[in-house]
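Participant: Next up, query-v9.pdb (PDB, C-alpha atoms).
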MODEL        1
ATOM      1  CA  MET A   1      69.859  59.194 188.065
ATOM      2  CA  LYS A   2      73.473  60.080 187.198
ATOM      3  CA  ARG A   3      72.453  60.744 183.593
ATOM      4  CA  LYS A   4      69.854  63.301 184.714
ATOM      5  CA  LEU A   5      72.426  65.005 186.915
ATOM      6  CA  ALA A   6      74.967  65.227 184.081
ATOM      7  CA  TRP A   7      72.425  66.785 181.699
ATOM      8  CA  GLY A   8      71.327  69.146 184.458
ATOM      9  CA  VAL A   9      74.915  70.333 184.736
ATOM     10  CA  ILE A  10      75.112  70.752 180.954
ATOM     11  CA  ALA A  11      71.852  72.725 180.901
ATOM     12  CA  VAL A  12      73.031  75.026 183.683
ATOM     13  CA  CYS A  13      76.361  75.562 181.955
ATOM     14  CA  LEU A  14      74.803  76.248 178.553
ATOM     15  CA  ALA A  15      72.251  78.595 180.082
ATOM     16  CA  GLY A  16      75.071  80.593 181.672
ATOM     17  CA  GLN A  17      77.415  82.871 179.845
ATOM     18  CA  ALA A  18      78.466  81.989 176.317
ATOM     19  CA  GLY A  19      81.662  80.018 176.290
ATOM     20  CA  LEU A  20      80.854  78.132 179.491
ATOM     21  CA  ALA A  21      83.209  80.293 181.524
ATOM     22  CA  GLY A  22      81.453  79.270 184.729
ATOM     23  CA  CYS A  23      81.831  75.525 184.262
ATOM     24  CA  ALA A  24      84.860  74.271 186.124
ATOM     25  CA  GLY A  25      86.353  70.851 186.551
ATOM     26  CA  ARG A  26      86.511  67.877 184.257
ATOM     27  CA  GLY A  27      84.051  67.519 181.389
ATOM     28  CA  GLN A  28      80.608  66.275 182.401
ATOM     29  CA  THR A  29      79.580  63.244 180.364
ATOM     30  CA  ALA A  30      76.354  61.329 180.008
ATOM     31  CA  GLY A  31      77.940  58.243 178.484
ATOM     32  CA  PRO A  32      77.375  56.456 175.193
ATOM     33  CA  GLY A  33      73.808  55.819 174.170
ATOM     34  CA  ALA A  34      72.561  58.949 175.941
ATOM     35  CA  ALA A  35      73.582  61.147 173.028
ATOM     36  CA  VAL A  36      70.135  61.508 171.496
ATOM     37  CA  ALA A  37      67.840  60.122 174.195
ATOM     38  CA  GLY A  38      64.710  62.246 174.020
ATOM     39  CA  GLY A  39      66.505  64.971 172.084
ATOM     40  CA  ALA A  40      67.197  66.949 175.276
ATOM     41  CA  ASN A  41      70.848  67.339 174.356
ATOM     42  CA  VAL A  42      70.356  68.118 170.649
ATOM     43  CA  TYR A  43      71.528  71.571 169.591
ATOM     44  CA  ARG A  44      71.836  73.405 166.281
ATOM     45  CA  VAL A  45      74.861  75.181 164.871
ATOM     46  CA  SER A  46      74.095  78.907 164.981
ATOM     47  CA  ALA A  47      76.869  80.241 162.753
ATOM     48  CA  PRO A  48      77.404  80.131 158.981
ATOM     49  CA  LEU A  49      80.258  77.619 159.241
ATOM     50  CA  VAL A  50      81.790  75.855 162.254
ATOM     51  CA  ASN A  51      84.695  73.398 162.292
ATOM     52  CA  LEU A  52      84.167  70.072 164.043
ATOM     53  CA  LEU A  53      87.607  69.447 165.524
ATOM     54  CA  ALA A  54      89.533  66.341 166.597
ATOM     55  CA  CYS A  55      90.348  67.867 170.017
ATOM     56  CA  PRO A  56      89.232  70.874 172.061
ATOM     57  CA  SER A  57      91.685  73.374 170.562
ATOM     58  CA  GLN A  58      91.517  75.594 167.494
ATOM     59  CA  THR A  59      94.841  74.138 166.347
ATOM     60  CA  CYS A  60      93.438  70.590 166.038
ATOM     61  CA  GLU A  61      92.592  68.761 162.840
ATOM     62  CA  VAL A  62      89.283  69.741 161.220
ATOM     63  CA  LEU A  63      87.109  66.641 160.896
ATOM     64  CA  GLU A  64      84.112  68.241 159.235
ATOM     65  CA  ASP A  65      82.564  71.610 158.429
ATOM     66  CA  LEU A  66      79.156  72.112 160.024
ATOM     67  CA  GLY A  67      76.817  74.629 158.429
ATOM     68  CA  ASP A  68      74.164  76.821 160.008
ATOM     69  CA  GLY A  69      71.357  74.634 161.355
ATOM     70  CA  ALA A  70      73.368  71.394 161.497
ATOM     71  CA  GLN A  71      72.274  69.285 164.458
ATOM     72  CA  VAL A  72      74.680  67.945 167.062
ATOM     73  CA  ALA A  73      74.145  65.959 170.242
ATOM     74  CA  VAL A  74      76.208  67.206 173.168
ATOM     75  CA  THR A  75      77.998  64.300 174.842
ATOM     76  CA  ALA A  76      80.217  66.275 177.246
ATOM     77  CA  VAL A  77      80.934  69.788 178.447
ATOM     78  CA  ILE A  78      84.640  70.543 178.424
ATOM     79  CA  PRO A  79      86.166  73.383 180.480
ATOM     80  CA  GLY A  80      87.259  76.380 178.440
ATOM     81  CA  GLY A  81      84.066  76.771 176.433
ATOM     82  CA  TRP A  82      84.203  73.522 174.473
ATOM     83  CA  LEU A  83      81.614  70.818 173.861
ATOM     84  CA  GLU A  84      82.212  67.238 172.858
ATOM     85  CA  VAL A  85      79.524  66.507 170.286
ATOM     86  CA  HIS A  86      78.173  63.879 167.932
ATOM     87  CA  SER A  87      77.166  65.145 164.476
ATOM     88  CA  LEU A  88      73.716  63.749 163.748
ATOM     89  CA  ALA A  89      74.184  64.058 159.976
ATOM     90  CA  SER A  90      77.573  62.344 159.582
ATOM     91  CA  GLY A  91      77.866  60.328 162.806
ATOM     92  CA  ARG A  92      81.277  61.854 163.561
ATOM     93  CA  ASP A  93      82.337  62.734 167.071
ATOM     94  CA  GLY A  94      84.422  65.808 167.765
ATOM     95  CA  TYR A  95      84.659  69.133 169.536
ATOM     96  CA  LEU A  96      83.344  72.626 168.920
ATOM     97  CA  LEU A  97      83.048  75.868 170.812
ATOM     98  CA  ALA A  98      79.812  76.176 172.774
ATOM     99  CA  ARG A  99      79.192  79.733 171.582
ATOM    100  CA  PHE A 100      78.415  78.381 168.120
ATOM    101  CA  VAL A 101      75.424  76.246 169.130
ATOM    102  CA  SER A 102      71.950  76.999 170.423
ATOM    103  CA  LYS A 103      68.838  75.072 171.381
ATOM    104  CA  PRO A 104      66.480  74.560 168.406
TER
ENDMDL
END
Do you think you could lay out the structure here as structure tokens?
Facilitator:
Amino acid sequence: MKRKLAWGVIAVCLAGQAGLAGCAGRGQTAGPGAAVAGGANVYRVSAPLVNLLACPSQTCEVLEDLGDGAQVAVTAVIPGGWLEVHSLASGRDGYLLARFVSKP
């Protein structure tokens, strides 16, 4: 039940304004193992090139470059317009700005 609630919060936040400006509080997580359950939290990069970062700040280390169409599973919504994600291609976990992803 908690998992459904967390993904409901993520869906509401992502459906709102770009950048998740309306999502307040601590990041909403669904926990490990929920990352790709049913594909409900799988999104695609919708920009030519997006940096997967080590922390939710543009000054953090770049872990990987994600190209247009790359799939990521959202594992948490972070205040300030950030998402914690799992790259489905490489298996790396990191952060990216929500405005650069969309539902497939």
Participant: Taking the file as shown, find all residues satisfying the PyMOL selection byres ((chain A and resi 53-66) around 9) and write them as JSON, numbers by chain.
Facilitator: {"A": [45, 47, 48, 49, 50, 51, 52, 67, 68, 69, 70, 71, 78, 80, 81, 82, 83, 84, 87, 90, 92, 93, 94, 95, 96, 97]}
Participant: What separation in Å, quoted to one decimal, exists between atom CA of Phe100 of chain A and atom CA of Ser46 of chain A?
Facilitator: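 Taking atom CA of Phe100 of chain A as the start and atom CA of Ser46 of chain A as the end point, the length is 5.4 Å.
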Participant: At what distance in Å, to one decimal, does atom CA of Pro79 of chain A lie from atom CA of Val42 of chain A?
Facilitator: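 About the pair atom CA of Val42 of chain A and atom CA of Pro79 of chain A: they are 19.3 Å apart.
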Participant: What separation in Å, quoted to one decimal, exists between atom CA of Ala98 of chain A and atom CA of Gly39 of chain A?
Facilitator: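 Separation between atom CA of Ala98 of chain A and atom CA of Gly39 of chain A: 17.4 Å.
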